[in-house]
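Chemist: Before anything else, here's the structure in question.
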There are 2 protein chains.
Amino acid sequence: MPVPELDQAAMEAAAARQGRLTKPAGSLGRLEELSVRLAGMTGQLDPPLQHAVVFTLAADHGVATEGVSAYPREVTPQMVLNFLRGGAAINVLARELGARVVVADIGVDAELPPHAELRQVKVRRGTSSITRGAAMTVAEATQAIDVGRRLVLDERPEVVLTGDMGIGNTTASAAVICALTGLDPKAVVGRGTGIDNAGLARKVAAVVRALEVNRGAISRGPLDTLAAVGGLEIAGLVGVILQGAEMRRPVIVDGFISGAAALAAAALEPRATGYLVASHRSQEIGHAAVLERLGLRPLLDLDLRLGEGTGAVLALPLVRAAVRLLNDMATFDEAGVSERA
Amino acid sequence: MPVPELDQAAMEAAAARQGRLTKPAGSLGRLEELSVRLAGMTGQLDPPLQHAVVFTLAADHGVATEGVSAYPREVTPQMVLNFLRGGAAINVLARELGARVVVADIGVDAELPPHAELRQVKVRRGTSSITRGAAMTVAEATQAIDVGRRLVLDERPEVVLTGDMGIGNTTASAAVICALTGLDPKAVVGRGTGIDNAGLARKVAAVVRALEVNRGAISRGPLDTLAAVGGLEIAGLVGVILQGAEMRRPVIVDGFISGAAALAAAALEPRATGYLVASHRSQEIGHAAVLERLGLRPLLDLDLRLGEGTGAVLALPLVRAAVRLLNDMATFDEAGVSERA
């Protein structure tokens with residue numbers, strides 16, 4: 001199914017209504033623009049946004065054993081268990097701000113015990129190292145995208161939020177971003193969970209090597225690129241984003257890893273960009289360039305660099321508030337307030 | 001009553017706990033700092049923040065008849081009625097985000113009909129024009145500060161939010177800011193509700209004139225300055241801020257007008273600054289300088305310029321979320337998650 005065009009008539013109606021509300025024109029700034037964009041995505045001035053689902057996809061990365069992360073690899077399954085027990089940042093924020101967390105094992109390199117709240121959708125146990133060849137096959141990348149789509153179809157959220165967990169995934173994300181944009185790894189590779197200078201140098205070298213080793217695949221386009229230098233959760237998030245956009249749902253994009261997925265989704269289906277809401281600007285250095293390429297301005301800039309979907313959930317109250325302002329404020333006529341002199 | 005010092009022991013306990021939570025150290029960025037500051041203000045790691053009250057103080061300004069605003073003066077009482085009917089932006093946001101709005105007529109130049117939700121605390125019907133002399137007497141400014149204090153004492157909020165309504169009040173706020181900081185009016189005076197270039201030139205000239213005419217009063221200190229070039233809602237907000245700080249309540253400061261009040265409060269009682277949370281950076285050009293002087297980084301930057309307390313209420317979910325993260329996340333020990341390699 002193709003991603004639909006934005007509904008221009010709904011956007012015009014929203015913009016016109018903004019001009020009649022009891023406030024100086026434009027004084028709600030970016031919340032006005034946001035309300036207009038949301039109308040374009042959904043075709044409605046008052047789209048329902050209560051059923052908000054953050055898809056936190058977890059996977060492991062072959063490159064993680066090459067000294068690119070401050071944390072050991074076993075943290076990926078440990079954090080999945082933490083999500084399931086409700087103790088992680090994403091759980092706390094989702095409870096406080098009104099979202100549901102869907103935790104999916106799309107590629108953790110461990111057998112996780114069955115749990116009612118865990119979606120077991122493993123495509124494979126982690127990727128191969130991107131410094132030595134392709135992370136996964138194109139068939140596996142396609143399967144991961146389909147898994148992401150299926151998660152959204154099963155939940156039928158009113159608003160989609162993206163999240164991730166995977167030790168090593170800022171390295172894979174940086175490689176995807178460099179491959180898709182041509183940006184220099186030095187401008188894109190950051191400290192992730194907080195690696196030291198020697199680790200950062202190893203991480204840059206790993207991305208440079210991954211881009212060289214996988215040059216042929218990268219030249220074949222975004223799907224091959226995703227398979228070659230991406231990750232299972234990144235590919236899954238591409239599916240989440242594309243499915244959300246096809247269903248005309250606003251997609252609130254988290255930080256750096258989600259940004260890599262958004263770039264890949266936009267490369268596969270440029271119209272998907274119209275459905276993206278950038279939640280925040282990550283402290284990870286390459287993220288600003290990703291947002292710029294996507295033409296998105298983030299709502300928040302709080303020096304976050306946690307992932308999981310935390311930034312996306314933090315932006316949710318602003319998204320809902322933008323819609324309530326558009327719909328629930330009185331107009332000048334209704335309130336008997338004088339307009340500009 | 002003096003403003004208490006921040007509780008260093010509580011801040012240290014909060015910072016230590018942040019380091020034990022299941023996330024890379026510092027990865028929640030400014031929300032970590034915020035949780036530590038809130039602990040310092042309240043003396044508690046988990047301060048109650050449910051009873052949030054935005055104090056939206058309304059008043060008129062003599063200078064408003066001098067072509068400095070895009071809107072006619074009658075909009076002040078009209079908007080107060082809009083607040084009371086629940087149709088303004090502040091009402092919509094307060095309902096959506098969980099705050100109570102206290103609307104106070106501290107100096108509207110009209111007789112407003114009695115209303116259960118209106119605090120009738122008028123000090124006088126509007127100020128005199130600051131371009132021709134003092135806006136009000138020092139006794140009136142003191143009374144307005146006391147009125148603001150009383151509003152907070154009556155509500156006993158767990159978290160205080162500031163708001164304002166008053167045609168002409170960006171002009172008075174700019175004059176207060178210039179008087180207290182020595183900044184050039186050209187760097188501080190902005191377009192307010194959206195005045196054109198000719199209006200902006202008149203507004204700069206009005207502030208320059210106000211600073212000249214009231215030079216003697218300004219030299220006598222912040223209280224005389226507030227009386228000379230301020231406004232009744234600005235003085236009232238000084239009282240709101242000081243009372244909130246004395247009660248060890250976090251005070252979420254809205255935009256430009258609230259920023260002028262915060263500067264004046266800090267000039268009267270420097271320790272009050274420790275209790276301020278800057279909600280957003282207003283589009284009004286002088287606001288960034290105000291925040292810089294106060295040493296505050298705003299949580300949001302959404303090109304807002306509406307006032308009423310809208311930016312403060314929009315920041316409330318972030319403030320509450322920061323506290324929930326500190327208290328409700330699992331520690332590495334509790335969750336059995338490995339720490340850094």
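Letters A, B, ... go to the chains of the structure tokens in the order shown; residues in each chain start at 1; ligands are counted from 1 in the same order.
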Distance limit 7 Å, atoms considered: only C-alpha atoms. Which chain B residues sit that close to chain A? Return them as a PDB file with N, CA, C and O atoms, in the first residue's frame.
Modeler:
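Result file is out-v7.pdb:
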ATOM      1  N   THR B  22      19.107   2.463  35.923  1.00  0.00           N
ATOM      2  CA  THR B  22      19.443   1.636  34.759  1.00  0.00           C
ATOM      3  C   THR B  22      19.398   2.439  33.464  1.00  0.00           C
ATOM      4  O   THR B  22      18.458   2.349  32.672  1.00  0.00           O
ATOM      5  N   LYS B  23      20.457   3.191  33.264  1.00  0.00           N
ATOM      6  CA  LYS B  23      20.682   4.005  32.064  1.00  0.00           C
ATOM      7  C   LYS B  23      22.135   4.447  32.107  1.00  0.00           C
ATOM      8  O   LYS B  23      22.715   4.532  33.195  1.00  0.00           O
ATOM      9  N   PRO B  24      22.723   4.737  30.970  1.00  0.00           N
ATOM     10  CA  PRO B  24      24.067   5.323  30.999  1.00  0.00           C
ATOM     11  C   PRO B  24      24.046   6.632  31.799  1.00  0.00           C
ATOM     12  O   PRO B  24      23.093   7.413  31.682  1.00  0.00           O
ATOM     13  N   SER B  27      22.502  10.120  30.636  1.00  0.00           N
ATOM     14  CA  SER B  27      21.794   9.960  29.362  1.00  0.00           C
ATOM     15  C   SER B  27      20.394  10.569  29.367  1.00  0.00           C
ATOM     16  O   SER B  27      19.793  10.732  28.317  1.00  0.00           O
ATOM     17  N   LEU B  28      19.884  10.918  30.542  1.00  0.00           N
ATOM     18  CA  LEU B  28      18.616  11.649  30.564  1.00  0.00           C
ATOM     19  C   LEU B  28      18.841  13.163  30.602  1.00  0.00           C
ATOM     20  O   LEU B  28      17.902  13.939  30.810  1.00  0.00           O
ATOM     21  N   GLY B  29      20.075  13.556  30.383  1.00  0.00           N
ATOM     22  CA  GLY B  29      20.405  14.951  30.125  1.00  0.00           C
ATOM     23  C   GLY B  29      19.820  15.922  31.126  1.00  0.00           C
ATOM     24  O   GLY B  29      20.023  15.812  32.342  1.00  0.00           O
ATOM     25  N   ARG B  30      19.093  16.894  30.606  1.00  0.00           N
ATOM     26  CA  ARG B  30      18.609  17.984  31.446  1.00  0.00           C
ATOM     27  C   ARG B  30      17.549  17.528  32.430  1.00  0.00           C
ATOM     28  O   ARG B  30      17.310  18.205  33.430  1.00  0.00           O
ATOM     29  N   ALA B  70      -0.446  45.671  19.075  1.00  0.00           N
ATOM     30  CA  ALA B  70      -1.258  45.358  17.899  1.00  0.00           C
ATOM     31  C   ALA B  70      -2.739  45.227  18.251  1.00  0.00           C
ATOM     32  O   ALA B  70      -3.588  45.191  17.367  1.00  0.00           O
ATOM     33  N   TYR B  71      -3.044  45.165  19.540  1.00  0.00           N
ATOM     34  CA  TYR B  71      -4.427  44.930  19.969  1.00  0.00           C
ATOM     35  C   TYR B  71      -4.949  46.098  20.791  1.00  0.00           C
ATOM     36  O   TYR B  71      -4.185  46.751  21.506  1.00  0.00           O
ATOM     37  N   PRO B  72      -6.244  46.352  20.709  1.00  0.00           N
ATOM     38  CA  PRO B  72      -6.825  47.430  21.520  1.00  0.00           C
ATOM     39  C   PRO B  72      -6.885  47.026  22.992  1.00  0.00           C
ATOM     40  O   PRO B  72      -6.883  45.853  23.337  1.00  0.00           O
ATOM     41  N   VAL B  75      -9.055  44.406  25.032  1.00  0.00           N
ATOM     42  CA  VAL B  75      -8.792  42.963  24.972  1.00  0.00           C
ATOM     43  C   VAL B  75      -8.423  42.400  26.352  1.00  0.00           C
ATOM     44  O   VAL B  75      -8.709  41.239  26.642  1.00  0.00           O
ATOM     45  N   GLN B  78     -11.643  41.503  28.049  1.00  0.00           N
ATOM     46  CA  GLN B  78     -12.281  40.469  27.216  1.00  0.00           C
ATOM     47  C   GLN B  78     -11.593  39.118  27.409  1.00  0.00           C
ATOM     48  O   GLN B  78     -12.250  38.077  27.481  1.00  0.00           O
ATOM     49  N   MET B  79     -10.279  39.159  27.474  1.00  0.00           N
ATOM     50  CA  MET B  79      -9.558  37.889  27.652  1.00  0.00           C
ATOM     51  C   MET B  79      -9.758  37.334  29.066  1.00  0.00           C
ATOM     52  O   MET B  79      -9.792  36.117  29.253  1.00  0.00           O
ATOM     53  N   ASN B  82     -12.765  35.455  28.801  1.00  0.00           N
ATOM     54  CA  ASN B  82     -12.453  34.223  28.050  1.00  0.00           C
ATOM     55  C   ASN B  82     -11.802  33.185  28.981  1.00  0.00           C
ATOM     56  O   ASN B  82     -12.156  31.996  28.943  1.00  0.00           O
ATOM     57  N   GLY B  87     -12.105  29.297  27.617  1.00  0.00           N
ATOM     58  CA  GLY B  87     -11.868  29.214  26.175  1.00  0.00           C
ATOM     59  C   GLY B  87     -10.486  29.643  25.704  1.00  0.00           C
ATOM     60  O   GLY B  87     -10.206  29.589  24.510  1.00  0.00           O
ATOM     61  N   ALA B  88      -9.646  30.056  26.631  1.00  0.00           N
ATOM     62  CA  ALA B  88      -8.325  30.549  26.216  1.00  0.00           C
ATOM     63  C   ALA B  88      -7.310  29.405  26.188  1.00  0.00           C
ATOM     64  O   ALA B  88      -7.544  28.317  26.726  1.00  0.00           O
ATOM     65  N   ALA B  89      -6.184  29.683  25.574  1.00  0.00           N
ATOM     66  CA  ALA B  89      -5.133  28.666  25.460  1.00  0.00           C
ATOM     67  C   ALA B  89      -4.728  28.135  26.834  1.00  0.00           C
ATOM     68  O   ALA B  89      -4.544  26.926  27.011  1.00  0.00           O
ATOM     69  N   VAL B  92      -7.180  25.503  28.056  1.00  0.00           N
ATOM     70  CA  VAL B  92      -7.085  24.240  27.309  1.00  0.00           C
ATOM     71  C   VAL B  92      -5.865  23.453  27.786  1.00  0.00           C
ATOM     72  O   VAL B  92      -5.949  22.245  28.058  1.00  0.00           O
ATOM     73  N   LEU B  93      -4.741  24.140  27.913  1.00  0.00           N
ATOM     74  CA  LEU B  93      -3.511  23.452  28.333  1.00  0.00           C
ATOM     75  C   LEU B  93      -3.601  22.968  29.774  1.00  0.00           C
ATOM     76  O   LEU B  93      -3.152  21.871  30.102  1.00  0.00           O
ATOM     77  N   GLU B  96      -5.662  19.842  29.831  1.00  0.00           N
ATOM     78  CA  GLU B  96      -4.982  18.702  29.201  1.00  0.00           C
ATOM     79  C   GLU B  96      -3.820  18.202  30.060  1.00  0.00           C
ATOM     80  O   GLU B  96      -3.555  17.003  30.104  1.00  0.00           O
ATOM     81  N   THR B 193       2.569  41.076  20.705  1.00  0.00           N
ATOM     82  CA  THR B 193       1.498  40.327  20.051  1.00  0.00           C
ATOM     83  C   THR B 193       1.602  40.384  18.532  1.00  0.00           C
ATOM     84  O   THR B 193       0.779  39.791  17.839  1.00  0.00           O
ATOM     85  N   LEU B 299      13.425  24.774  29.250  1.00  0.00           N
ATOM     86  CA  LEU B 299      13.164  23.387  28.858  1.00  0.00           C
ATOM     87  C   LEU B 299      12.636  23.293  27.431  1.00  0.00           C
ATOM     88  O   LEU B 299      12.885  22.314  26.742  1.00  0.00           O
ATOM     89  N   LEU B 300      11.900  24.300  27.001  1.00  0.00           N
ATOM     90  CA  LEU B 300      11.258  24.261  25.685  1.00  0.00           C
ATOM     91  C   LEU B 300      11.678  25.464  24.857  1.00  0.00           C
ATOM     92  O   LEU B 300      11.994  26.524  25.398  1.00  0.00           O
ATOM     93  N   LEU B 302       9.809  26.664  21.564  1.00  0.00           N
ATOM     94  CA  LEU B 302       8.750  26.349  20.588  1.00  0.00           C
ATOM     95  C   LEU B 302       8.219  27.594  19.885  1.00  0.00           C
ATOM     96  O   LEU B 302       7.123  27.562  19.320  1.00  0.00           O
ATOM     97  N   ASP B 303       8.979  28.684  19.917  1.00  0.00           N
ATOM     98  CA  ASP B 303       8.556  29.934  19.283  1.00  0.00           C
ATOM     99  C   ASP B 303       7.223  30.444  19.832  1.00  0.00           C
ATOM    100  O   ASP B 303       6.439  31.062  19.111  1.00  0.00           O
ATOM    101  N   LEU B 304       6.981  30.165  21.104  1.00  0.00           N
ATOM    102  CA  LEU B 304       5.766  30.677  21.742  1.00  0.00           C
ATOM    103  C   LEU B 304       5.951  32.156  22.052  1.00  0.00           C
ATOM    104  O   LEU B 304       7.052  32.608  22.342  1.00  0.00           O
ATOM    105  N   ARG B 305       4.840  32.899  22.030  1.00  0.00           N
ATOM    106  CA  ARG B 305       4.860  34.302  22.472  1.00  0.00           C
ATOM    107  C   ARG B 305       3.447  34.714  22.866  1.00  0.00           C
ATOM    108  O   ARG B 305       2.966  35.769  22.499  1.00  0.00           O
ATOM    109  N   LEU B 306       2.788  33.841  23.629  1.00  0.00           N
ATOM    110  CA  LEU B 306       1.392  34.100  23.990  1.00  0.00           C
ATOM    111  C   LEU B 306       1.240  34.584  25.417  1.00  0.00           C
ATOM    112  O   LEU B 306       0.342  35.366  25.721  1.00  0.00           O
ATOM    113  N   ALA B 321       7.788  14.442  34.970  1.00  0.00           N
ATOM    114  CA  ALA B 321       8.461  13.248  34.449  1.00  0.00           C
ATOM    115  C   ALA B 321       9.862  13.115  35.044  1.00  0.00           C
ATOM    116  O   ALA B 321      10.322  12.010  35.351  1.00  0.00           O
ATOM    117  N   ARG B 324       9.495  11.540  38.402  1.00  0.00           N
ATOM    118  CA  ARG B 324       9.102  10.118  38.326  1.00  0.00           C
ATOM    119  C   ARG B 324      10.298   9.267  37.895  1.00  0.00           C
ATOM    120  O   ARG B 324      10.489   8.167  38.409  1.00  0.00           O
ATOM    121  N   LEU B 325      11.089   9.749  36.929  1.00  0.00           N
ATOM    122  CA  LEU B 325      12.262   8.984  36.485  1.00  0.00           C
ATOM    123  C   LEU B 325      13.203   8.744  37.657  1.00  0.00           C
ATOM    124  O   LEU B 325      13.657   7.623  37.891  1.00  0.00           O
ATOM    125  N   ASP B 328      11.181   6.248  40.183  1.00  0.00           N
ATOM    126  CA  ASP B 328      10.512   5.000  39.805  1.00  0.00           C
ATOM    127  C   ASP B 328      11.361   4.072  38.948  1.00  0.00           C
ATOM    128  O   ASP B 328      10.997   2.914  38.765  1.00  0.00           O
ATOM    129  N   MET B 329      12.471   4.546  38.412  1.00  0.00           N
ATOM    130  CA  MET B 329      13.325   3.647  37.635  1.00  0.00           C
ATOM    131  C   MET B 329      14.033   2.660  38.556  1.00  0.00           C
ATOM    132  O   MET B 329      14.345   2.978  39.697  1.00  0.00           O
ATOM    133  N   ALA B 330      14.296   1.482  38.012  1.00  0.00           N
ATOM    134  CA  ALA B 330      15.066   0.490  38.758  1.00  0.00           C
ATOM    135  C   ALA B 330      16.536   0.892  38.773  1.00  0.00           C
ATOM    136  O   ALA B 330      17.030   1.544  37.847  1.00  0.00           O
ATOM    137  N   ALA B 335      17.744  -4.384  39.127  1.00  0.00           N
ATOM    138  CA  ALA B 335      17.348  -4.974  37.845  1.00  0.00           C
ATOM    139  C   ALA B 335      18.319  -6.047  37.377  1.00  0.00           C
ATOM    140  O   ALA B 335      18.045  -6.729  36.387  1.00  0.00           O
ATOM    141  N   VAL B 337      21.167  -5.529  35.994  1.00  0.00           N
ATOM    142  CA  VAL B 337      21.762  -5.082  34.728  1.00  0.00           C
ATOM    143  C   VAL B 337      23.236  -4.759  34.975  1.00  0.00           C
ATOM    144  O   VAL B 337      23.584  -4.137  35.985  1.00  0.00           O
ATOM    145  N   SER B 338      24.093  -5.217  34.053  1.00  0.00           N
ATOM    146  CA  SER B 338      25.535  -4.979  34.194  1.00  0.00           C
ATOM    147  C   SER B 338      25.848  -3.497  34.028  1.00  0.00           C
ATOM    148  O   SER B 338      25.269  -2.818  33.183  1.00  0.00           O
ATOM    149  N   GLU B 339      26.815  -3.025  34.801  1.00  0.00           N
ATOM    150  CA  GLU B 339      27.261  -1.637  34.635  1.00  0.00           C
ATOM    151  C   GLU B 339      28.342  -1.553  33.569  1.00  0.00           C
ATOM    152  O   GLU B 339      28.674  -2.567  32.940  1.00  0.00           O
ATOM    153  N   ARG B 340      28.872  -0.362  33.354  1.00  0.00           N
ATOM    154  CA  ARG B 340      29.884  -0.137  32.313  1.00  0.00           C
ATOM    155  C   ARG B 340      31.019  -1.142  32.426  1.00  0.00           C
ATOM    156  O   ARG B 340      31.419  -1.496  33.521  1.00  0.00           O
ATOM    157  N   ALA B 341      31.548  -1.487  31.287  1.00  0.00           N
ATOM    158  CA  ALA B 341      32.679  -2.422  31.250  1.00  0.00           C
ATOM    159  C   ALA B 341      33.886  -1.771  31.904  1.00  0.00           C
ATOM    160  O   ALA B 341      34.014  -0.564  31.923  1.00  0.00           O
TER     161      ALA B 341
END
Chemist: When DSSP is applied to the backbone of this structure, which of segment 96-243 of chain A are assigned helix (DSSP H, G or I)? Write them out as a VMD selection string.
Modeler: chain A and resid 96 to 97 138 to 155 169 to 181 185 to 188 197 to 213 215 to 219 222 to 229 232 to 243
Chemist: List as a short mmCIF file (atom, residue, chain, number, x, y, z; two decimals) with N, CA, C and O atoms, in the first residue's frame the protein and nucleic acid residues near Phe55 of chain A, meaning an atom at most 7 Å away when only C-alpha atoms are counted, but skip any in the same chain fewer than 3 places from it.
Modeler:
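The result, written out as part_18.cif:
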data_model
loop_
_atom_site.label_atom_id
_atom_site.label_comp_id
_atom_site.auth_asym_id
_atom_site.auth_seq_id
_atom_site.Cartn_x
_atom_site.Cartn_y
_atom_site.Cartn_z
N VAL A 101 3.81 0.54 26.09
CA VAL A 101 5.11 0.10 25.57
C VAL A 101 4.95 -1.31 25.01
O VAL A 101 4.50 -2.22 25.73
N VAL A 102 5.30 -1.50 23.75
CA VAL A 102 5.38 -2.84 23.17
C VAL A 102 6.86 -3.18 23.04
O VAL A 102 7.59 -2.51 22.30
N VAL A 103 7.29 -4.19 23.80
CA VAL A 103 8.69 -4.62 23.77
C VAL A 103 8.78 -5.82 22.83
O VAL A 103 8.04 -6.79 23.00
N LEU A 161 4.99 5.59 18.18
CA LEU A 161 6.25 6.13 18.69
C LEU A 161 7.33 5.06 18.51
O LEU A 161 7.06 3.87 18.69
N THR A 162 8.53 5.51 18.18
CA THR A 162 9.60 4.55 17.91
C THR A 162 10.59 4.51 19.07
O THR A 162 10.85 5.52 19.71
N GLY A 163 11.12 3.30 19.32
CA GLY A 163 12.11 3.15 20.37
C GLY A 163 13.03 1.98 20.06
O GLY A 163 12.74 1.18 19.18
#
Chemist: Counting only C-alpha atoms, which of B:Gly236, B:Gly190, B:Gly255, B:Gly133 gets nearest to Ala312 of chain B?
Modeler: B:Gly255
Chemist: Name the closest residue to Lys203 of chain A among the candidates A:Val290, A:Ile130, A:Ala262, A:Leu84; distances are taken between atoms, counting only C-alpha atoms.
Modeler: A:Ile130
Chemist: Give me the residues near Val208 of chain B as an NGL selection string, where near means some atom within 9 Å (using only C-alpha atoms) and where sequence neighbours in that chain fewer than 5 positions away do not count.
Modeler: :B and (131 or 175 or 184-185 or 203 or 213)
Chemist: Please extract the residues of segment 42-201 of chain A with a backbone DSSP assignment of strand (DSSP E or B) and present them as a list in words.
Modeler: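 Strand (DSSP E or B) assignments inside segment 42-201 of chain A correspond to Ala52, Val53, Val54, Phe55, Thr56, Leu57, Ala58, Ala59, Arg100, Val101, Val102, Val103, Ala104, Asp105, Ile106, Gly107, Leu118, Arg119, Gln120, Val159, Val160, Leu161, Thr162, Gly163, Asp164 and Met165 of chain A.
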Chemist: Could you please determine the separation between atom CA of Arg100 of chain B and atom CA of Leu296 of chain B in Å, to one decimal place?
Modeler: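 Result for atom CA of Arg100 of chain B versus atom CA of Leu296 of chain B: 24.9 Å, one decimal.
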Chemist: Give me, as number ranges by chain, all polymer residues having an atom no more than 9 Å from Ala174 of chain A, counting only C-alpha atoms and skipping those fewer than 6 positions away in the same chain.
Modeler: A: 185, 188-190, 207, 230, 256-257, 260, 286
Chemist: Please, could you write that set of residues out with C-alpha atoms as a JSON list (two decimals), in the first residue's frame?
Modeler:
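For reference, out.json as written:
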[["chain", "number", "residue", "atom", "x", "y", "z"],
["A", 185, "PRO", "CA", 31.84, 9.17, 9.80],
["A", 188, "VAL", "CA", 28.22, 11.24, 12.58],
["A", 189, "VAL", "CA", 29.83, 8.83, 15.04],
["A", 190, "GLY", "CA", 29.30, 9.91, 18.63],
["A", 207, "VAL", "CA", 32.17, 2.65, 10.58],
["A", 230, "GLY", "CA", 22.11, -1.76, 9.70],
["A", 256, "PHE", "CA", 19.65, 8.71, 16.81],
["A", 257, "ILE", "CA", 18.77, 5.05, 16.12],
["A", 260, "ALA", "CA", 18.65, 6.23, 11.09],
["A", 286, "GLY", "CA", 25.21, 13.00, 14.17]]
Chemist: Closest to Ile106 of chain B among B:Ala206, B:Thr171, B:Ala235, B:Ala139, using only C-alpha atoms?
Modeler: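 Using only C-alpha atoms, Ile106 of chain B sits closest to B:Ala235.
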Chemist: Atom CA of Asp254 of chain A and atom CA of Ala15 of chain B, how far apart in Å?
Modeler: 25.3 Å
